[in-house]
Structures are given as C-alpha cells and as structure tokens.
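**Q** If you scroll down you'll find the structure; I have some questions about it.
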Amino acid sequence: MSAPILSIHDLKVEFGTRQGVVKAVDGVSLNVYRGEVLGLVGESGSGKSVTGLSILGLIDPPGRIASGSIKLEGTELIGLPEDELRRLRGERMAMIFQDPMTTLNPVLRIDTQMIETIRAHENVSERAARSRAEEALKRVGIPSPAERLLTYPHQLSGGMRQRVAIAIALLMSPALLVADEPTTALDVTIQSQIIAEVQQLCSETGTALIWITHDLAVVAGLADRIAVMYAGRIVEEGDVDPVLDHPRHPYTYGLLGSAPSNNRRGEKLAQIPGMTPSLANLPSGCAFAPRCAFAQGDCSTAPPTLTHDGSRAWRCFHPVPDREDVR
Amino acid sequence: MTALIEIESVSKRFVKRVDLAGKIANMLGAHNREQIVRAVDDVTLTIRQGEVLGLVGESGCGKSTLGRMVAGIMQTSAGRILYEGRAREDGVASTQVADALAVQMIFQDPMASLNPRMRIEDIIGEAPVVHGLVDAAGKRDYVAGMMRKVGLDPSVMGRFPHQFSGGQRARIGIARALAVKPKVLVCDEAVAALDVSIQAQVLNLFMDLRAEMNLTYLFVSHDLSVIRHIADRVAVMYLGRIVETADTDALFEAPAHPYTRALLDEVPRIDMRKKRFAVLKGEVPSPLNPPSGCHFHPRCPRMEEICKTGRPPLLAVGPGHEAACLFPQTGGALPEPMSQ
C-alpha cells in the first residue's frame, strides 16, 4: 500500500483538571490511507473526539498534546506554527461536527462564509468563488443552490445545515476529512442521505475519511476499517468484517452483544456490567478489566500490548476465542 | 387482551397568534395570519393491558406530544383519552387522582427532569408521601426499596443528581415514576441519551420491571432497533398521523406503508456492510404547511394523483395490521438477511 495520508503515532493528550491530570488519549496510533473510510467508535469519554480534534490542532488549554506524532501527507503537525496549521486546515484537512450551528456563523449568510473560505486559501475573484460555492452546494444535494447561498443558517433545516457544513469542509478538496458524529442529531432518513453524499464525494475525490461515532451500525454500513476506543486507548482495530463478525477484544464483543439488533426480540440484552471508568482515576493495567468477563489476574497488573493478526490487532491478554459468533 | 388506554380521535393544535407588532403591520397592509401546527391530527389508538406499544417516527412527527397527552401532562385540543374506560375529566375527584397516578412518564434527559437542588431521597419520596402511599416516617425505607428495584444502592439516597452518571440518573427517573405505583409507563426517548452498553442495562431493567410489576408501556422512540427489541406492537407516525400499526414482527417483516418501508430500509444495521444509503428523497415537510391529502405523497415512490386529495384512512391489510395508504404493499416481505 502507498504511504498513508494520515499517520498518528503514540499520541497522548492530557487535560489538567482539579482532580489531577486526565489522560483523554493515551497512546493512540493510527494510519489512514487515500480514499479510505475509518470508523472510530467508542462511548462517551473514550477519547474519540479528542483524537479527532488533535489531528486538526484544535486542542485548547487546559488540554495539551503531551507526546506523539501526527503526520499529514508526511508533514509533522505537532509543533507546527499556528499560521501554517491554519493554512493546512480547510485546505488539506477539514472537520465536520455534530452540531452544524457550532460550525456556521449565525450572523453571516451562507455565501459570505463560503466565499471567505475559498478566498482565504486561494487568490480568486469573488465571482469565481461564488460559482464554486454554488457548485459545492449542488454536489451535497442542496436544491436551488443559488437561492440557498443567500440565506442565513437559521433559515435552513438541520439536515441542510449539515450539508452546508460538509460543502464548506470539502470546498478545497482536502486529503482528510474528520467527521465527528455528524449525523447523530439527524433523523434516519436524513442521516442516510448525508452518509450517501459523503460516501460518494469521498470516493470521487479520494479524500480519506475518519468517521467518529458511537453507533456501530453506521460504521458497519460505511467504513472500510474500524478502530474501537475505550478509556483513551484503541482496544481493537481492523477491517470491518472481521472486527464486527468475530471481535477479539471483550469490549467490542460486549458492545456488539448489547446492540438490540443483535439480540432476539424480547429477550434480555447481553449487557456489559458497570460503567465507563473515570479517566482521572483509571485502574492500572487494562482499563476494561473491572467490567470484563474474560479478565484474569494479570489484567490488572500492566496494560496489555497490541497483538497483531494479519490486518487486525487487539489489545488484550485474554481475547475472546476466535470464531465465536456473537450473533 | 383488554384495552387499558383508548385514544379516541385525539388532536393537538399549537396556535401562534399574531402579536401586537404583527397586528400593527396588518393595519399597514401586511398579511400576518395565525399559524397553526397540528402536532397530533385525529389519532385513534389503543394500548392494551400488559403490552409494550412502540411509537416511532422522525422528529416533529408528534410522537412526544401524543405521549405527553397520554401521560396527562398536556391537554388534548380535541378527542378523549380513556383510562380503563373513563375519561380523566369525567371521573369524580378520587378516581381522577388515582387515574393520573396510574400513568407516569419517563423523560429523555434525566438531568433536565430531576431537580438539581433536591436529594435523591426527596426526588423519589416526595410524591408517594404527598399522595399518602407511605407516611413520612416510612419514607426512607420506601425510597430504599424503590432504589433497590431499579438497581441503585440505597446508601446514596442523600446525594444530588449531579453526583450520578447518566445511566444512574436514568434509573433515578424510573424509580421516581415507579414510586407512585403506576400501571402504565410512558417512556419518551428514555434510552436515547445513553451509551450503548448503558442503554442495554436500562432496557433490561424495563423488561424486568414489566414482568415483576405487570406494567404496560407506551415506548416512544426514534430508534427502530430499540423498538423492535422491546415492543409487542408498533405504531408509526408521520406528520401528526398514524400511518401504520401492526404487531412488531409483522411490521418489520412486511411493512405495508411506503414510509415504514423506507424507514426500515434506511436504518443502519450492523449486519449491513458497505451499504448503499438513501432511497428516500427529500425531507419531512414543515408541519406548519403539510402537503395535501396523504402527507407522505411528495416523497412517496408509489404516489398516484389520487394521493394528493383526501386523507387516506387506516385500513386493515392483515390480521391486526393497519396502514393509512391507498396503495399499500402487501405480501412482499423485506429481505431478511440476519434472522437467527
């Protein structure tokens, strides 16, 4: 395979809080290749969003990137001066968020925001920028784009706003798009329209996509590869089919087991006992051990290292036996 | 099974009147008119004793409004809701209170529905003391019992809501509802805000309580996989109207209404890999100005001219299966790739 578009190595992000240092991301390594869709899955507090924000250099104090490396198309992003990061953001990498109202400026018209973005990166006339903006809105499936350009964000529906945010993110054909739960707040029919559009746009332009979500079902239909995070670490990673069909990490196994669609109707759901540990006070060793049905004595002594098997890897001393079907 | 709650031709209208500025503008020749939203539009539905009725639909379809009217925290604009054959406003004072207590509601966001300045003991214990289910001296024991029932440790009853996790807060909300010994729980997106692993715990709790306390549920949710798991019967709403009702298996295996079919097609599923998304075009129209005739006709793949006029009635398409569609799909089942 060619060189990855994005290469994260041993990323650690910490937040200084009154309860002490919280390790939101604790040694994450990832590669994303051209045209690939990576699903980054985890529950709230697992560090999936912080990982996404670190890539774009959007971690604000009290958070800080403690160590590690993030390379975009070979350029090291950590420690890059702010003006260079600014140039890369929007041009080579972009991000869309769960709530498009936090991305869009409520007091500016759509055209102002889009033309501003284009002219910040390229020296083009306003007229040329406007026609490109119109083209971009058309590509994300917005009907009568010329009229929509003249509206304010509050005049659009939630699905339309998210489409505008996606159109802005893809204006400069970035190499990498990070999508943080962009369809979680939308209805299913709108969600599937948006996923379809992003899917098509990324495959046309070769943009690599990191889709951050808590919803395994969305990832199943969309992603090529999947990485499951728990308490700041990637606990399992690999191609979608093997990971979802035969998970090896007990957490992935438990998550799949607790999804209602994987259970017989009316029967009790296979639940994971307990709750996500506080990141300020993680157990030594494997963070999942206190909730794990497979845990043994050595799980609480040291954090497990990655075990590789072909294209997939998991971080567990006592993985779920191979080929045990969760369904 | 006998009907426990009968919803008879119930409507809910929200009216936005023309304000003073609008009236002045009208005098100067503007055309501001009252805006009316029919959030629930002539809905008739029965909830049977002991069943879990799932109510699904997209945002703005009126499912929460209907749930709130059933729980009695919102008045109907037209129609009646009968509990055990009695309309709430008909009964004498004593049955009115008893009937109101019998239907309790559980909300989506426990943090917004629990008073942040009250201790758990009072949140759960206040209502049963007020209604004389337990005296003040017995409150602590009563609350402890309720907390154990929903899987909380009674030793934390002196704490405040912010000291709990999301899943625990959901349990507190359930304990509060159960404290007045209800017969029916209206759950409005009760698990939507929870993480998958916590959601499974709470759904299991709902099923345990149903068996233990012989509860009837109206389970309002947008999440079809949750509804499929927990509900016995499902009603699908679109823009204020019921478009289809059926037993859960019948609905998921052979949906008759094109909207139900589209909804089921588009739900992402773990067993669907590299799916091609989006079969349904367009968005839910504004309820301020719904399409004529069948509300779904502008998005419907089976639309004919006649669909643009007249509201299609709910007609039987199978045993216990009704759909409000002039051209329902019958017989043809959805492909079922993953039955066990």
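By order in the structure tokens, chains are A, B, ...; within a chain, residues start at 1; ligands start at 1, following the order shown.
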Considering only C-alpha atoms, tabulate each residue of chain A that lies at most 7 Å from chain B along with its nearest interatomic pair and the corresponding distance in Å to one decimal; arrange the rows by chain and ascending residue number and present them as CSV.

**A**
residue,atom,partner,partner_atom,distance
A:Glu43,CA,B:Asp195,CA,5.8
A:Ser44,CA,B:Asp195,CA,6.8
A:Asp187,CA,B:Glu58,CA,5.7
A:Val188,CA,B:Val267,CA,6.2
A:Thr189,CA,B:Glu266,CA,6.2
A:Ile190,CA,B:Glu283,CA,6.9
A:Ser192,CA,B:Ala278,CA,5.0
A:Gln193,CA,B:Ala278,CA,4.7
A:Ile195,CA,B:Phe277,CA,6.8
A:Ala196,CA,B:Phe277,CA,5.1
A:Leu216,CA,B:Ile270,CA,6.4
A:Ala217,CA,B:Ile270,CA,4.2
A:Val218,CA,B:Pro268,CA,5.3
A:Ala220,CA,B:Arg273,CA,5.2
A:Gly221,CA,B:Arg273,CA,4.4
A:Leu222,CA,B:Lys274,CA,5.4
A:Leu255,CA,B:Ser197,CA,6.1
A:Ser258,CA,B:Ala200,CA,5.5
A:Ala259,CA,B:Val196,CA,6.7
A:Pro260,CA,B:Ser225,CA,5.8
A:Ser261,CA,B:Ser225,CA,5.4
A:Arg265,CA,B:His229,CA,4.5
A:Gly266,CA,B:Ile230,CA,5.5
A:Lys268,CA,B:Asn204,CA,5.6
A:Leu269,CA,B:Ala200,CA,5.8
A:Gln271,CA,B:Ala200,CA,5.5
A:Ile272,CA,B:Ser197,CA,5.7

**Q** Can you list every residue in segment 163-221 of chain A that DSSP puts in strand (DSSP E or B), as a list of chain:residue names?

**A** A:Leu176, A:Leu177, A:Val178, A:Ala179, A:Asp180, A:Ala208, A:Leu209, A:Ile210, A:Trp211, A:Ile212, A:Thr213

**Q** Output all heavy atoms for every residue in the selection just made, as a compact mmCIF listing (two decimals), in the first residue's frame.

**A**
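That gives us out.txt:
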# COMPACT_ATOMS: atom_id res chain seq x y z
N LEU A 176 -7.95 14.88 3.86
CA LEU A 176 -8.51 14.18 5.01
C LEU A 176 -9.71 14.94 5.53
O LEU A 176 -9.67 16.16 5.71
CB LEU A 176 -7.46 14.08 6.12
CG LEU A 176 -7.95 13.47 7.44
CD1 LEU A 176 -8.14 11.97 7.31
CD2 LEU A 176 -6.99 13.79 8.57
N LEU A 177 -10.79 14.21 5.78
CA LEU A 177 -11.97 14.80 6.41
C LEU A 177 -12.24 14.05 7.71
O LEU A 177 -12.35 12.83 7.72
CB LEU A 177 -13.18 14.71 5.47
CG LEU A 177 -14.51 15.23 6.02
CD1 LEU A 177 -14.43 16.73 6.30
CD2 LEU A 177 -15.65 14.94 5.06
N VAL A 178 -12.31 14.79 8.81
CA VAL A 178 -12.64 14.19 10.10
C VAL A 178 -14.09 14.56 10.40
O VAL A 178 -14.43 15.74 10.46
CB VAL A 178 -11.72 14.70 11.22
CG1 VAL A 178 -12.10 14.07 12.55
CG2 VAL A 178 -10.27 14.42 10.89
N ALA A 179 -14.94 13.55 10.57
CA ALA A 179 -16.36 13.79 10.82
C ALA A 179 -16.70 13.29 12.22
O ALA A 179 -16.62 12.10 12.50
CB ALA A 179 -17.21 13.05 9.77
N ASP A 180 -17.06 14.23 13.09
CA ASP A 180 -17.33 13.87 14.48
C ASP A 180 -18.83 13.78 14.72
O ASP A 180 -19.49 14.79 14.92
CB ASP A 180 -16.69 14.91 15.41
CG ASP A 180 -16.74 14.49 16.87
OD1 ASP A 180 -17.29 13.41 17.14
OD2 ASP A 180 -16.24 15.24 17.71
N ALA A 208 -9.64 10.92 2.27
CA ALA A 208 -9.73 9.92 3.34
C ALA A 208 -10.68 10.46 4.40
O ALA A 208 -10.74 11.66 4.65
CB ALA A 208 -8.36 9.67 3.94
N LEU A 209 -11.44 9.55 5.01
CA LEU A 209 -12.48 9.97 5.93
C LEU A 209 -12.33 9.25 7.26
O LEU A 209 -12.18 8.03 7.31
CB LEU A 209 -13.84 9.65 5.30
CG LEU A 209 -15.10 9.94 6.09
CD1 LEU A 209 -15.22 11.42 6.39
CD2 LEU A 209 -16.33 9.47 5.31
N ILE A 210 -12.32 10.03 8.34
CA ILE A 210 -12.40 9.42 9.67
C ILE A 210 -13.78 9.74 10.21
O ILE A 210 -14.13 10.91 10.37
CB ILE A 210 -11.32 9.97 10.62
CG1 ILE A 210 -9.93 9.65 10.07
CG2 ILE A 210 -11.49 9.37 12.02
CD1 ILE A 210 -8.81 10.14 10.98
N TRP A 211 -14.59 8.73 10.43
CA TRP A 211 -15.97 8.92 10.88
C TRP A 211 -16.04 8.52 12.35
O TRP A 211 -15.94 7.35 12.67
CB TRP A 211 -16.91 8.06 10.03
CG TRP A 211 -18.36 8.40 10.18
CD1 TRP A 211 -19.20 7.96 11.15
CD2 TRP A 211 -19.15 9.25 9.32
NE1 TRP A 211 -20.45 8.48 10.95
CE2 TRP A 211 -20.45 9.26 9.85
CE3 TRP A 211 -18.88 9.98 8.17
CZ2 TRP A 211 -21.48 10.00 9.26
CZ3 TRP A 211 -19.91 10.70 7.60
CH2 TRP A 211 -21.20 10.71 8.13
N ILE A 212 -16.19 9.54 13.20
CA ILE A 212 -16.21 9.29 14.64
C ILE A 212 -17.66 9.10 15.07
O ILE A 212 -18.51 9.94 14.78
CB ILE A 212 -15.59 10.48 15.39
CG1 ILE A 212 -14.14 10.66 14.96
CG2 ILE A 212 -15.70 10.29 16.90
CD1 ILE A 212 -13.48 11.91 15.51
N THR A 213 -17.97 8.02 15.75
CA THR A 213 -19.35 7.77 16.14
C THR A 213 -19.44 6.79 17.30
O THR A 213 -18.48 6.09 17.61
CB THR A 213 -20.16 7.22 14.96
OG1 THR A 213 -21.52 7.04 15.37
CG2 THR A 213 -19.62 5.90 14.48

**Q** Can you pull out every residue within 7 Å of Val219 of chain A, counting only C-alpha atoms, but drop anything in the same chain fewer than 4 positions away, and send it as an MDAnalysis selection string?

**A** chainID A and resid 39 215 223

**Q** For a test of reading the model, state the distance in Å between atom CA of Ala193 of chain B and atom CA of Gln108 of chain B, rounded to one decimal.

**A**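 Between atom CA of Ala193 of chain B and atom CA of Gln108 of chain B the gap is 6.7 Å.
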
**Q** Set the distance at 10 Å and use only C-alpha atoms: which residues neighbour segment 117-126 of chain A once local chain neighbours fewer than 3 positions away are removed? I'd like the list as a list in words.

**A**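 The residues that qualify are Arg86, Arg87, Leu88, Arg89, Gly90, Glu91, Asp111, Thr112, Gln113, Met114, Ala129, Arg130, Ser131, Arg132, Ala133, Ile168, Ala169, Leu171 and Met172 of chain A.
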
**Q** Kindly save the residues from that selection, with N, CA, C and O atoms included, as a compact mmCIF listing (two decimals), in the first residue's frame.

**A**
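What landed in selection20.txt:
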# COMPACT_ATOMS: atom_id res chain seq x y z
N ARG A 86 -3.10 26.77 10.18
CA ARG A 86 -4.27 27.45 9.65
C ARG A 86 -4.41 27.23 8.15
O ARG A 86 -5.50 27.10 7.63
N ARG A 87 -3.25 27.25 7.48
CA ARG A 87 -3.28 27.06 6.03
C ARG A 87 -3.70 25.62 5.69
O ARG A 87 -4.47 25.39 4.77
N LEU A 88 -3.16 24.67 6.48
CA LEU A 88 -3.50 23.27 6.21
C LEU A 88 -4.97 22.98 6.50
O LEU A 88 -5.63 22.23 5.78
N ARG A 89 -5.45 23.57 7.60
CA ARG A 89 -6.86 23.38 7.96
C ARG A 89 -7.74 23.99 6.89
O ARG A 89 -7.58 25.14 6.54
N GLY A 90 -8.66 23.23 6.38
CA GLY A 90 -9.51 23.75 5.31
C GLY A 90 -8.96 23.37 3.95
O GLY A 90 -9.71 23.06 3.05
N GLU A 91 -7.61 23.40 3.82
CA GLU A 91 -7.05 23.11 2.52
C GLU A 91 -6.70 21.62 2.37
O GLU A 91 -7.08 20.98 1.41
N ASP A 111 -23.37 32.44 1.64
CA ASP A 111 -22.40 32.80 0.59
C ASP A 111 -21.17 33.50 1.18
O ASP A 111 -20.04 33.21 0.81
N THR A 112 -21.40 34.41 2.15
CA THR A 112 -20.27 35.10 2.79
C THR A 112 -19.29 34.09 3.38
O THR A 112 -18.08 34.19 3.20
N GLN A 113 -19.84 33.10 4.09
CA GLN A 113 -18.98 32.14 4.77
C GLN A 113 -18.22 31.26 3.78
O GLN A 113 -17.06 30.92 3.99
N MET A 114 -18.87 30.91 2.68
CA MET A 114 -18.22 30.01 1.73
C MET A 114 -17.17 30.76 0.91
O MET A 114 -16.07 30.26 0.69
N ALA A 129 -15.29 32.60 -6.92
CA ALA A 129 -15.52 31.91 -5.64
C ALA A 129 -17.00 31.60 -5.47
O ALA A 129 -17.37 30.53 -5.01
N ARG A 130 -17.86 32.57 -5.86
CA ARG A 130 -19.29 32.35 -5.71
C ARG A 130 -19.77 31.17 -6.56
O ARG A 130 -20.55 30.34 -6.11
N SER A 131 -19.27 31.10 -7.78
CA SER A 131 -19.74 30.00 -8.61
C SER A 131 -19.21 28.66 -8.08
O SER A 131 -19.88 27.64 -8.18
N ARG A 132 -18.02 28.69 -7.47
CA ARG A 132 -17.53 27.44 -6.87
C ARG A 132 -18.37 27.05 -5.66
O ARG A 132 -18.64 25.87 -5.42
N ALA A 133 -18.76 28.05 -4.87
CA ALA A 133 -19.60 27.78 -3.70
C ALA A 133 -20.93 27.16 -4.14
O ALA A 133 -21.41 26.20 -3.55
N ILE A 168 -18.70 23.16 2.86
CA ILE A 168 -17.59 24.04 3.20
C ILE A 168 -16.33 23.21 3.48
O ILE A 168 -15.24 23.54 3.03
N ALA A 169 -16.50 22.11 4.20
CA ALA A 169 -15.35 21.27 4.54
C ALA A 169 -14.69 20.72 3.28
O ALA A 169 -13.47 20.56 3.23
N LEU A 171 -14.76 22.12 0.24
CA LEU A 171 -14.52 23.15 -0.78
C LEU A 171 -13.16 23.04 -1.42
O LEU A 171 -13.01 23.18 -2.64
N MET A 172 -12.12 22.82 -0.60
CA MET A 172 -10.76 22.82 -1.12
C MET A 172 -10.26 21.41 -1.45
O MET A 172 -9.07 21.21 -1.57

**Q** Looking only at helix (DSSP H, G or I) from DSSP on the backbone, list the matching residues of segment 43-121 of chain A as a PyMOL selection string.

**A** chain A and resi 48-55+82-91+100-102+110-121

**Q** In Å to one decimal, how far is atom CA of Cys187 of chain B from atom CA of Asp109 of chain B?

**A**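 Between these atoms lies a distance of 11.2 Å.
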
**Q** Just the residues within 8 Å of Gly173 of chain B, please, counting only C-alpha atoms, with nothing from its chain fewer than 5 positions along; format it as a ChimeraX atom specification.

**A** /B:106-107,110,113-114

**Q** Once you have the residues from the selection above, write them out as a PDB file, in the first residue's frame, restricted to N, CA, C and O atoms.

**A**
ATOM      1  N   ILE B 106     -41.536   8.860  31.830  1.00  0.00           N
ATOM      2  CA  ILE B 106     -40.079   8.868  31.979  1.00  0.00           C
ATOM      3  C   ILE B 106     -39.504   9.645  30.804  1.00  0.00           C
ATOM      4  O   ILE B 106     -39.852   9.389  29.652  1.00  0.00           O
ATOM      5  N   PHE B 107     -38.630  10.596  31.122  1.00  0.00           N
ATOM      6  CA  PHE B 107     -38.183  11.551  30.105  1.00  0.00           C
ATOM      7  C   PHE B 107     -36.824  11.176  29.538  1.00  0.00           C
ATOM      8  O   PHE B 107     -36.090  10.374  30.105  1.00  0.00           O
ATOM      9  N   PRO B 110     -32.510  12.850  31.886  1.00  0.00           N
ATOM     10  CA  PRO B 110     -32.778  12.809  33.320  1.00  0.00           C
ATOM     11  C   PRO B 110     -32.269  14.059  34.028  1.00  0.00           C
ATOM     12  O   PRO B 110     -32.849  14.496  35.016  1.00  0.00           O
ATOM     13  N   SER B 113     -34.896  16.598  33.940  1.00  0.00           N
ATOM     14  CA  SER B 113     -36.163  16.288  34.597  1.00  0.00           C
ATOM     15  C   SER B 113     -35.991  15.977  36.089  1.00  0.00           C
ATOM     16  O   SER B 113     -36.954  15.691  36.774  1.00  0.00           O
ATOM     17  N   LEU B 114     -34.752  16.028  36.581  1.00  0.00           N
ATOM     18  CA  LEU B 114     -34.543  15.871  38.026  1.00  0.00           C
ATOM     19  C   LEU B 114     -34.149  17.232  38.589  1.00  0.00           C
ATOM     20  O   LEU B 114     -33.276  17.900  38.042  1.00  0.00           O
TER      21      LEU B 114
END

**Q** Report as a PyMOL selection string all protein, DNA and RNA residues lying within 12 Å of Gly293 of chain B, evaluated on only C-alpha atoms, omitting residues in the same chain fewer than 6 positions from it.

**A** chain B and resi 241+303-313+324-326

**Q** Find the residues around Asp239 of chain A up to 10 Å (only C-alpha atoms counted), leave out those fewer than 6 positions away in its own chain, and share them as a list in words.

**A** Leu38, Gly39, Ala223, Asp224, Arg225, Ile226, Ala227, Ser311, Arg312 and Ala313 of chain A

**Q** Can you measure atom CA of Ala165 of chain A to atom CA of Leu150 of chain A for me? One decimal in Å is fine.

**A** 15.2 Å

**Q** Which is closer to Asp298 of chain A than all the others in A:His318, A:Glu197, A:Val22, A:Leu279, using only C-alpha atoms?

**A** A:His318

**Q** Measuring atom to atom with only C-alpha atoms, identify which of A:Ile65, A:Ala295, A:Leu137, A:Ala287 is nearest to Arg163 of chain A.

**A** A:Leu137
